[in-house]
Structures are given as C-alpha cells and as structure tokens.
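Next up, my_file.txt (compact mmCIF, C-alpha atoms and all ligand atoms):
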```
# COMPACT_ATOMS: atom_id res chain seq x y z
CA MET O 389 -104.69 47.81 -143.56
CA ARG O 390 -108.28 46.60 -143.84
CA SER O 391 -108.63 42.82 -144.04
CA PRO O 392 -110.27 41.64 -147.30
CA ASN O 393 -113.03 40.03 -145.18
CA HIS O 394 -113.90 43.33 -143.50
CA ALA O 395 -116.26 44.36 -146.26
CA LEU O 396 -119.98 44.63 -146.95
CA ILE O 397 -121.73 42.21 -149.30
CA GLU O 398 -125.05 43.32 -150.79
CA THR O 399 -127.63 40.73 -151.79
CA GLU O 400 -131.34 39.91 -151.91
CA LEU O 401 -133.37 37.67 -149.64
CA ASN O 402 -133.55 34.83 -152.17
CA ALA O 403 -129.71 34.71 -152.33
CA LEU O 404 -128.99 35.19 -148.62
CA SER O 405 -128.47 31.45 -148.04
CA GLU O 406 -125.29 31.65 -150.19
CA HIS O 407 -123.69 33.87 -147.54
CA MET O 408 -124.96 32.07 -144.45
CA GLU O 409 -122.02 29.71 -144.00
CA GLY O 410 -119.49 32.58 -144.20
CA LEU O 411 -121.41 34.60 -141.61
CA LEU O 412 -121.84 31.68 -139.21
CA ALA O 413 -118.17 30.69 -139.52
CA GLY O 414 -117.00 34.26 -138.85
CA ARG O 415 -115.40 34.68 -142.30
CA THR O 416 -117.95 37.17 -143.63
CA THR O 417 -118.24 40.49 -141.80
CA ALA O 418 -121.52 41.93 -143.05
CA VAL O 419 -124.32 41.20 -145.51
CA LEU O 420 -126.96 43.78 -146.44
CA VAL O 421 -130.16 42.26 -147.81
CA LYS O 422 -131.79 44.92 -149.96
CA ARG O 423 -135.57 45.42 -149.89
CA SER O 424 -136.35 42.40 -147.76
CA LEU O 425 -139.85 43.85 -147.28
CA ASN O 426 -141.56 46.38 -149.55
CA ASP O 427 -142.73 49.88 -148.50
CA GLU O 428 -146.32 48.88 -147.79
CA LEU O 429 -145.31 45.98 -145.56
CA CYS O 430 -142.68 48.11 -143.78
CA ASP O 431 -145.42 50.69 -143.09
CA ARG O 432 -147.58 47.97 -141.61
CA VAL O 433 -144.77 46.80 -139.28
CA TYR O 434 -144.02 50.38 -138.26
CA ARG O 435 -147.70 51.05 -137.52
CA ASN O 436 -147.77 47.87 -135.43
CA PHE O 437 -144.78 49.20 -133.46
CA GLN O 438 -146.34 52.63 -132.91
CA ALA O 439 -149.71 51.19 -131.87
CA SER O 440 -148.20 48.44 -129.69
CA LYS O 441 -149.47 48.27 -126.13
CA GLY O 442 -146.04 46.86 -125.28
CA LEU O 443 -144.03 50.00 -126.15
CA TYR O 444 -141.72 51.05 -123.29
CA GLU O 445 -138.62 53.15 -122.56
CA ARG O 446 -135.52 51.09 -121.85
CA SER O 447 -134.16 51.94 -118.40
CA ASP O 448 -130.90 50.03 -117.97
CA GLY O 449 -128.46 52.72 -119.09
CA VAL O 450 -128.79 52.01 -122.84
CA ALA O 451 -131.37 54.52 -124.09
CA GLY O 452 -134.10 53.35 -126.45
CA ARG O 453 -137.85 52.91 -127.04
CA MET O 454 -138.63 49.24 -127.33
CA VAL O 455 -141.19 46.56 -128.04
CA GLY O 456 -140.06 43.09 -126.97
CA THR O 457 -137.58 41.57 -124.63
CA ASN O 458 -134.38 43.11 -123.34
CA ALA O 459 -132.13 40.34 -122.01
CA PHE O 460 -129.03 42.51 -121.49
CA LEU O 461 -127.14 41.18 -118.43
CA LYS O 462 -130.24 39.48 -116.97
CA SER O 463 -130.45 36.13 -115.17
CA ALA O 464 -132.51 33.29 -116.68
CA SER O 465 -135.39 33.90 -114.28
CA ASP O 466 -135.45 37.66 -114.96
CA ILE O 467 -135.35 36.86 -118.68
CA HIS O 468 -138.37 34.58 -118.29
CA ASP O 469 -140.29 37.38 -116.58
CA ASP O 470 -139.27 39.74 -119.37
CA TYR O 471 -140.37 37.26 -122.08
CA GLN O 472 -143.71 36.83 -120.40
CA LYS O 473 -144.28 40.55 -120.23
CA ASN O 474 -142.88 41.63 -123.60
CA ASN O 475 -142.45 38.87 -126.17
CA GLY O 476 -146.10 38.54 -127.21
CA PHE O 477 -145.94 42.18 -128.30
CA ALA O 478 -142.79 41.50 -130.33
CA GLU O 479 -144.50 38.63 -132.18
CA LEU O 480 -147.39 40.95 -133.07
CA LEU O 481 -145.01 43.41 -134.79
CA PHE O 482 -145.26 41.30 -137.97
CA GLN O 483 -149.07 41.03 -137.86
CA GLY O 484 -150.30 41.58 -141.42
CA ALA O 485 -146.80 41.17 -142.95
CA PRO O 486 -144.53 38.18 -143.64
CA ASN O 487 -142.45 37.49 -140.55
CA LEU O 488 -138.95 38.33 -141.70
CA TYR O 489 -137.43 36.02 -139.09
CA ARG O 490 -139.41 33.05 -140.38
CA GLN O 491 -137.96 33.81 -143.83
CA LEU O 492 -134.47 34.13 -142.40
CA PHE O 493 -134.71 30.69 -140.81
CA ASP O 494 -135.70 29.20 -144.14
CA CYS O 495 -132.46 30.72 -145.52
CA VAL O 496 -130.48 29.11 -142.67
CA GLU O 497 -131.97 25.71 -143.53
CA GLU O 498 -131.45 26.21 -147.27
CA ALA O 499 -127.78 26.78 -146.43
CA GLY O 500 -127.69 23.24 -144.98
CA PHE O 501 -127.90 24.00 -141.23
CA ARG O 502 -130.38 22.71 -138.71
CA PHE O 503 -132.03 25.52 -136.85
CA ARG O 504 -134.11 26.17 -133.75
CA HIS O 505 -134.69 28.75 -131.02
CA ALA O 506 -132.20 28.66 -128.16
CA TYR O 507 -133.83 27.37 -124.98
CA ILE O 508 -133.37 29.28 -121.74
CA ASP O 509 -134.05 26.89 -118.85
CA GLY O 510 -136.66 25.05 -120.87
CA VAL O 511 -138.23 28.13 -122.47
CA PRO O 512 -137.72 29.02 -126.16
CA ALA O 513 -136.01 32.38 -126.63
CA PRO O 514 -137.70 35.12 -128.67
CA THR O 515 -136.29 35.74 -132.14
CA HIS O 516 -136.49 39.54 -132.20
CA ARG O 517 -137.35 42.79 -130.47
CA ALA O 518 -137.75 46.32 -131.84
CA THR O 519 -135.84 49.43 -130.83
CA ILE O 520 -135.56 53.09 -131.72
CA TRP O 521 -132.20 54.06 -130.19
CA THR O 522 -132.39 57.40 -128.41
CA ASP O 523 -129.03 58.08 -126.79
CA GLU O 524 -128.24 61.79 -127.17
CA CYS O 525 -124.53 61.63 -126.66
CA GLU O 526 -121.76 63.45 -128.51
CA GLU O 527 -120.87 62.96 -132.17
CA GLN O 528 -124.45 61.97 -133.15
CA LEU O 529 -124.15 58.54 -131.58
CA VAL O 530 -127.56 57.05 -130.77
CA LEU O 531 -126.06 53.73 -129.70
CA LYS O 532 -122.55 53.81 -128.26
CA ALA O 533 -119.82 51.51 -129.58
CA HIS O 534 -119.84 48.00 -128.14
CA THR O 535 -119.17 44.35 -128.86
CA ASP O 536 -121.88 41.74 -128.31
CA TRP O 537 -119.62 38.73 -127.64
CA PRO O 538 -119.41 39.15 -123.83
CA GLN O 539 -123.19 39.10 -123.40
CA VAL O 540 -123.23 35.88 -125.41
CA ARG O 541 -120.24 34.14 -123.80
CA HIS O 542 -121.06 35.12 -120.21
CA SER O 543 -124.81 34.67 -120.46
CA GLY O 544 -124.86 31.16 -118.97
CA MET O 545 -127.52 30.40 -121.60
CA GLU O 546 -127.63 27.67 -124.22
CA TYR O 547 -126.12 30.00 -126.82
CA SER O 548 -123.04 30.86 -124.71
CA ASP O 549 -120.76 28.54 -126.75
CA VAL O 550 -121.55 30.36 -130.04
CA GLU O 551 -118.18 31.61 -131.30
CA HIS O 552 -119.43 33.86 -134.06
CA PRO O 553 -122.74 35.49 -133.08
CA VAL O 554 -124.45 37.18 -136.03
CA ALA O 555 -126.65 40.23 -135.38
CA VAL O 556 -129.75 40.34 -137.59
CA ASN O 557 -131.20 43.84 -138.00
CA PHE O 558 -134.30 44.59 -140.04
CA TYR O 559 -135.16 48.28 -140.59
CA PRO O 560 -138.86 48.90 -141.37
CA ARG O 561 -138.04 52.62 -141.06
CA HIS O 562 -134.69 54.20 -141.84
CA PRO O 563 -133.74 57.77 -142.79
CA ALA O 564 -133.17 57.95 -146.53
CA ASN O 565 -130.62 60.74 -146.53
CA GLY O 566 -127.58 58.67 -145.57
CA SER O 567 -127.02 60.57 -142.33
CA SER O 568 -127.63 57.44 -140.26
CA ARG O 569 -125.18 54.61 -140.32
CA VAL O 570 -123.87 51.55 -138.56
CA ARG O 571 -120.13 51.83 -138.08
CA LEU O 572 -118.51 48.41 -137.95
CA TYR O 573 -114.90 48.34 -136.75
CA ASP O 574 -112.38 45.68 -137.73
CA PHE O 575 -111.75 44.92 -134.06
CA VAL O 576 -112.83 42.19 -131.66
CA PRO O 577 -111.66 43.22 -128.18
CA SER O 578 -109.99 40.51 -126.09
CA PRO O 579 -111.26 39.67 -122.57
CA GLY O 580 -108.18 41.46 -121.15
CA TRP O 581 -108.87 44.64 -123.15
CA LEU O 582 -112.47 44.74 -121.90
CA GLU O 583 -111.50 43.91 -118.33
CA GLU O 584 -109.02 46.81 -118.21
CA ARG O 585 -111.93 49.12 -119.05
CA GLY O 586 -114.37 47.51 -116.59
CA ILE O 587 -116.75 46.24 -119.29
CA LEU O 588 -115.94 42.53 -119.44
CA ALA O 589 -119.53 41.48 -118.62
CA GLY O 590 -121.41 43.58 -121.16
CA GLY O 591 -118.90 44.88 -123.74
CA TYR O 592 -120.61 48.31 -123.51
CA PRO O 593 -119.78 51.21 -123.80
CA ILE O 594 -116.50 51.60 -125.72
CA HIS O 595 -115.34 55.19 -126.17
CA LEU O 596 -114.71 56.42 -129.71
CA ASN O 597 -111.31 57.82 -128.72
CA GLU O 598 -110.18 54.20 -128.19
CA LEU O 599 -111.03 53.43 -131.82
CA HIS O 600 -109.26 56.22 -133.71
CA ASP O 601 -106.71 53.93 -135.33
CA VAL O 602 -109.07 51.07 -136.09
CA ASP O 603 -110.30 50.40 -139.63
CA TYR O 604 -114.07 50.51 -140.08
CA ILE O 605 -116.81 50.40 -142.66
CA ASP O 606 -119.87 52.66 -142.53
CA ILE O 607 -123.06 50.89 -143.58
CA HIS O 608 -126.08 52.94 -144.75
CA PRO O 609 -129.15 50.71 -144.83
CA GLU O 610 -132.46 51.92 -146.28
CA ALA O 611 -136.00 51.20 -145.09
CA GLY O 612 -136.84 47.58 -145.86
CA ASP O 613 -133.24 46.35 -145.72
CA THR O 614 -131.91 43.68 -143.36
CA LEU O 615 -128.32 43.83 -142.15
CA LEU O 616 -126.52 40.77 -140.81
CA PHE O 617 -123.09 41.33 -139.30
CA ALA O 618 -120.39 39.83 -137.09
CA ALA O 619 -121.65 41.00 -133.69
CA SER O 620 -118.31 40.39 -131.95
CA LYS O 621 -116.74 43.22 -133.94
CA VAL O 622 -117.12 46.60 -132.26
CA HIS O 623 -119.99 48.60 -133.73
CA ALA O 624 -121.89 51.84 -133.09
CA VAL O 625 -124.95 53.59 -134.53
CA PHE O 626 -124.89 57.22 -135.69
CA HIS O 627 -128.06 59.13 -136.47
CA GLY O 628 -127.70 62.59 -137.98
CA SER O 629 -130.99 64.41 -137.79
CA ARG O 630 -134.11 64.08 -135.72
CA GLY O 631 -137.18 65.08 -137.75
CA ASP O 632 -140.53 63.32 -137.35
CA ASP O 633 -140.00 61.61 -140.71
CA ASP O 634 -136.51 60.61 -139.81
CA VAL O 635 -137.27 57.54 -137.75
CA ARG O 636 -134.80 54.68 -137.50
CA LEU O 637 -136.57 51.54 -136.26
CA ASN O 638 -134.53 48.36 -135.91
CA ILE O 639 -136.05 44.92 -135.31
CA ASN O 640 -133.18 42.77 -134.22
CA GLY O 641 -132.07 39.40 -132.88
CA PHE O 642 -129.11 37.04 -133.05
CA ILE O 643 -128.27 33.75 -134.68
CA GLY O 644 -125.16 31.62 -134.26
CA PHE O 645 -123.84 28.09 -134.64
CA SER O 646 -123.60 26.20 -131.36
CA GLY O 647 -121.06 23.35 -131.44
CA THR O 648 -122.78 21.68 -128.47
CA ALA O 649 -126.25 21.77 -130.01
CA ARG O 650 -124.77 21.17 -133.50
CA LYS O 651 -127.39 23.59 -134.76
CA VAL O 652 -127.89 27.24 -135.54
CA LEU O 653 -129.66 28.82 -132.57
CA ALA O 654 -131.67 32.05 -132.49
CA TRP O 655 -132.26 34.36 -129.54
CA ALA O 656 -132.97 37.97 -128.66
O1 LIG A 701 -129.44 49.50 -134.59
C1 LIG A 701 -128.55 48.91 -135.22
O2 LIG A 701 -128.42 49.07 -136.44
C2 LIG A 701 -127.57 48.00 -134.52
C3 LIG A 701 -128.07 47.57 -133.16
C4 LIG A 701 -127.02 46.97 -132.28
O3 LIG A 701 -125.84 47.14 -132.48
C5 LIG A 701 -127.40 46.15 -131.14
O4 LIG A 701 -128.61 45.96 -130.87
O5 LIG A 701 -126.47 45.64 -130.45
```
Before anything else, please render the file you have as structure tokens.
Ligand SMILES: O=C(O)CCC(=O)C(=O)O
Amino acid sequence: MRSPNHALIETELNALSEHMEGLLAGRTTAVLVKRSLNDELCDRVYRNFQASKGLYERSDGVAGRMVGTNAFLKSASDIHDDYQKNNGFAELLFQGAPNLYRQLFDCVEEAGFRFRHAYIDGVPAPTHRATIWTDECEEQLVLKAHTDWPQVRHSGMEYSDVEHPVAVNFYPRHPANGSSRVRLYDFVPSPGWLEERGILAGGYPIHLNELHDVDYIDIHPEAGDTLLFAASKVHAVFHGSRGDDDVRLNINGFIGFSGTARKVLAWA
C-alpha cells in the first residue's frame, strides 16, 4: 500500500518555504510549484538555452543535450575542469529573467535554514544545469529509472553526508498534453540491492521490470512549473511524442541538509 507521505503537494513559489522542512527531512516526497515563471520569461530562458554557445551532447552513456556542468561520477579535479568549461553558460540561461535558483534559496532561508553552495575542493559548486533528455529506449523512457543517492553518498564531496537530497527541476518548456511525466517510485534501493545489479556507484540504470510491484506516482508538470522531489527514491522520465513543439527542457540541481556543515547546501 502507498505510504501517506508518497504523494504530490501542489503549491506556489510564495508558499514553498512551508514545505521546505518536510522535503529536507525526507518526510515529504514531492512538491510541484505551479507557474514559478510566466510564459514570457520561460520563453526567454528557452531562447537562452537554444542560442547558448555552451550547448553540447552528453557522452557518458546517459543521453541528453545539455548546457552546464555534468558531474556524474567525476573526480573533484575533473569536476573543476567541467565547471570552468560549462558553468558560465549555465549562469547565462537566466539572463533577462529572474534566476529561479536565487528565489529558491530565499525560500530555504525563509524556512529557517542557513544556505550556501557546496564547495568542491575550495570551489563553489554550480546550482543548476539544463538538459533535454534524449534516450530513445523502450516504453517511451527518455531518462531511465535511477536513484540519485549513490552519486551523492559516494561523491567524496562536501555534500556526501546529505541524507535526503532533494532534486530541484524547473521546466521552462514542457509538453502540455500530459504525455510526458516523471514517475516517482516509493522505493529507495539499499546499497546491497544496487551492488547485486552492479550499479552501486551511480544508481543508474534500473530496469522497469524490477519495479513492477512498486507503488509510484506519475507527475505531469507544465511549462513554468518547478518540481522538487526526494531524489533517493527511484524515478524515471517518460516522454510520449517528439514534435518540434513538444520540447521538454529541465533546468535542475540539488539541495540538501548537511549535518556536518549544519546548513542546506546546493550543487549540480
Ligand atoms: O527531467 C526530470 O524531470 C528529472 C531529471 C532527473 O531525474 C535527474 O536529473 O536525475
């Protein structure tokens, strides 16, 4: 049976701080902030993405078109190189629009937490990067099922003690027809479960046939919405159709409470 906490809460940006403690403590599964930016501002961010000189194809086995850093399974020094090359372009995504991440951090502080970027060997981590997922695999999956906790716990970075990482996903573009969705399973795989499948380091990919008996919620964001969810729970992204007007752009990063730093940290 689905746990009462495995549910979606809908809210608006000015009320997000009320849900922050639940998310950071791992009690709240998912919060969808409706219309966090209006259509005109979303268009501006999308145009910035399309025109970005930093647009590249991801080439590490997880298919996507990106602007910004990709820290997946990288060492601190490789991450620094990646930041240097890509993060300036990610900051420019919000040129001409309010930076949604700046607003999010105000919500974290309004909720009574101290906040800062995580530091990676002396260097502040980026807050976000942008991706259009492009995996073409079966059952309309554009991002295969995975859990994000191993990349946090095994990173060796300042944020590795965060017990409840929260994924923050802002969608300047999202298909309106409901065919695209984030599927969030009520399942946090143990280290042993991941190790048996050879994915202890990255938590990716988890095959759907392993998840048949697991409860889930399907979340259908719209353009302008921001989705925050418990990133340790297994999740996948489905995208039904592929027209030119059917773009799904996600600008995402992570936040989480670090007991050592006694602060909420942000990283991407
Ligand atoms: O694109 C999304 O909605 C979710 C992205 C995601 O799961 C991830 O970046 O790990």
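Compared by their closest atoms to Ala654 in chain O, and using all atoms listed in the file, the residues O:Gly590, O:Pro563, O:Pro553, O:Gly476 rank with O:Pro553 nearest.
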query: Ile520 in chain O: which residues within 9 Å, counting only C-alpha atoms, same-chain residues fewer than 6 positions away excluded, as a VMD selection string?
result: chain O and resid 451 to 454 530 635 to 639
Pull the neighbourhood of (-139.7, 31.7, -118.6) for me: all residues within 8 Å in file coordinates, counting all atoms listed in the file, as a short mmCIF file (atom, residue, chain, number, x, y, z; two decimals) with C-alpha atoms, in the coordinates of the input.
```cif
data_model
loop_
_atom_site.label_atom_id
_atom_site.label_comp_id
_atom_site.auth_asym_id
_atom_site.auth_seq_id
_atom_site.Cartn_x
_atom_site.Cartn_y
_atom_site.Cartn_z
CA ALA O 464 -132.51 33.29 -116.68
CA SER O 465 -135.39 33.90 -114.28
CA ILE O 467 -135.35 36.86 -118.68
CA HIS O 468 -138.37 34.58 -118.29
CA ASP O 469 -140.29 37.38 -116.58
CA TYR O 471 -140.37 37.26 -122.08
CA GLN O 472 -143.71 36.83 -120.40
CA ILE O 508 -133.37 29.28 -121.74
CA ASP O 509 -134.05 26.89 -118.85
CA GLY O 510 -136.66 25.05 -120.87
CA VAL O 511 -138.23 28.13 -122.47
#
```
Test item: residues lying within 9 Å of ligand LIG 701 (chain A) with only C-alpha atoms and all ligand atoms, as a PyMOL selection string: chain O and resi 519-521+530-536+555-559+569-571+609+615+619+622-626+636-641
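Minimum atom-to-atom distances from O:Ser548, O:Thr416, O:Thr614, O:Ser567 to Ala649 in chain O were compared using all atoms listed in the file, and the lowest value belongs to O:Ser548.
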query: For Glu497 in chain O, which residue among O:Ile397, O:Glu406, O:Pro512, O:Ala656 is the nearest when counting all atoms listed in the file?
result: O:Glu406
- prompt: Which one of O:Val496, O:Ala564, O:Ala506, O:Leu596 sits closest to Glu546 in chain O if you count all atoms listed in the file?
  reply: O:Ala506
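Between CA of Ala459 in chain O and CA of Phe477 in chain O the interatomic distance comes to 15.3 Å.
We find CA of Asn475 in chain O and CA of Ala413 in chain O to be spaced 28.9 Å apart.
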